[in-house]
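Novice: To start, I am sharing the structure in question, which I have written as structure tokens.
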Amino acid sequence: MNGSYALCFSLAMLPFLGGCAGDEPGDSGYCADVPTVTYETFGDGFLTQNCRTCHSSGQTVRQGAPEDVNFDDAASVWASKDLVLALAAVDTPTMPPLGGTTVDDRYLLRVWLECAAEGE
């Protein structure tokens with residue numbers, strides 16, 4: 001067995017030790033085994049429910065949200081992808097500030113922004 005295969009095989013036999021290479025966001029193995037998530041199937045609804053109350057160019061009451069951080073469409077989210085991932089798609093998100101996102105929604109947000117083609 002080559003080294004990588006042997007490691008994955010060993011870890012597969014002992015799941016309590018962790019996963020194999022390719023199981024982390026951004027790795028091709030990770031993205032190969034996730035659901036298809038796009039702006040249309042997930043992003044638009046997630047943004048409407050959790051972000052656009054403050055982060056929309058048409059919003060006048062922004063609760064302190066920066067004027068230049070708006071999520072009016074897929075392109076605007078992709079332009080702030082790293083910020084969105086760091087603040088809203090982590091285990092303990094700081095956005096939205098009052099919470100309310102589920103573990104499943106944060107997972108789908110990561111899948112969308114890490115695995116979909118940019119702008120999807």
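Here's how to read the names in the structure tokens: chain A, B, ... by the order shown, residue numbers from 1 in each chain, ligand numbers from 1 in the order shown.
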Determine, counting only C-alpha atoms, which protein, DNA and RNA residues have an atom within 7 Å of an atom of stretch 45-58 of chain A; residues of the same chain fewer than 3 positions away are not included. Present the result as JSON, numbers by chain.
Specialist: {"A": [42, 61, 62, 63, 65, 69, 70, 71, 72, 96]}
Novice: Enumerate, as a ChimeraX atom specification, the complete set of residues in stretch 10-115 of chain A that a backbone-based DSSP assignment places in alpha helix (DSSP H).
Specialist: /A:10-13,28-32,44-50,74-79,81-88,103-115
Novice: In Å, rounded to a single decimal, give me how far atom CA of A:Gln59 is from atom CA of A:Asp91.
Specialist: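 Atom CA of A:Asp91 sits 27.8 Å away from atom CA of A:Gln59.
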Novice: List the spatial neighbours of A:Gly99 as a list of chain:residue names - criterion: any atom at most 10 Å away, only C-alpha atoms, same-chain residues fewer than 6 positions off excluded.
Specialist: A:Asn50, A:Ala88, A:Thr92, A:Pro93
Novice: Selected residues, N, CA and C atoms, written as a PDB file, in the first residue's frame, please.
Specialist:
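Okay, selection_20.pdb is ready:
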```
ATOM      1  N   ASN A  50     -31.148  35.558   7.277  1.00  0.00           N
ATOM      2  CA  ASN A  50     -30.136  35.823   8.307  1.00  0.00           C
ATOM      3  C   ASN A  50     -29.273  37.060   8.116  1.00  0.00           C
ATOM      4  N   ALA A  88     -19.706  33.832   9.850  1.00  0.00           N
ATOM      5  CA  ALA A  88     -21.032  33.218   9.863  1.00  0.00           C
ATOM      6  C   ALA A  88     -21.036  31.707   9.686  1.00  0.00           C
ATOM      7  N   THR A  92     -19.008  28.769  16.291  1.00  0.00           N
ATOM      8  CA  THR A  92     -19.576  29.815  17.140  1.00  0.00           C
ATOM      9  C   THR A  92     -19.570  31.113  16.342  1.00  0.00           C
ATOM     10  N   PRO A  93     -20.587  31.310  15.511  1.00  0.00           N
ATOM     11  CA  PRO A  93     -20.601  32.485  14.631  1.00  0.00           C
ATOM     12  C   PRO A  93     -20.867  33.783  15.385  1.00  0.00           C
TER      13      PRO A  93
END
```
Novice: Do you have the atom CA of A:Val37-atom CA of A:Gly119 distance handy?
Specialist: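 Separating atom CA of A:Val37 from atom CA of A:Gly119 is a distance of 11.5 Å.
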Novice: In Å, rounded to a single decimal, give me how far atom CA of A:Thr38 is from atom CA of A:Trp112.
Specialist: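 We find that atom CA of A:Trp112 and atom CA of A:Thr38 lie 5.9 Å from each other.
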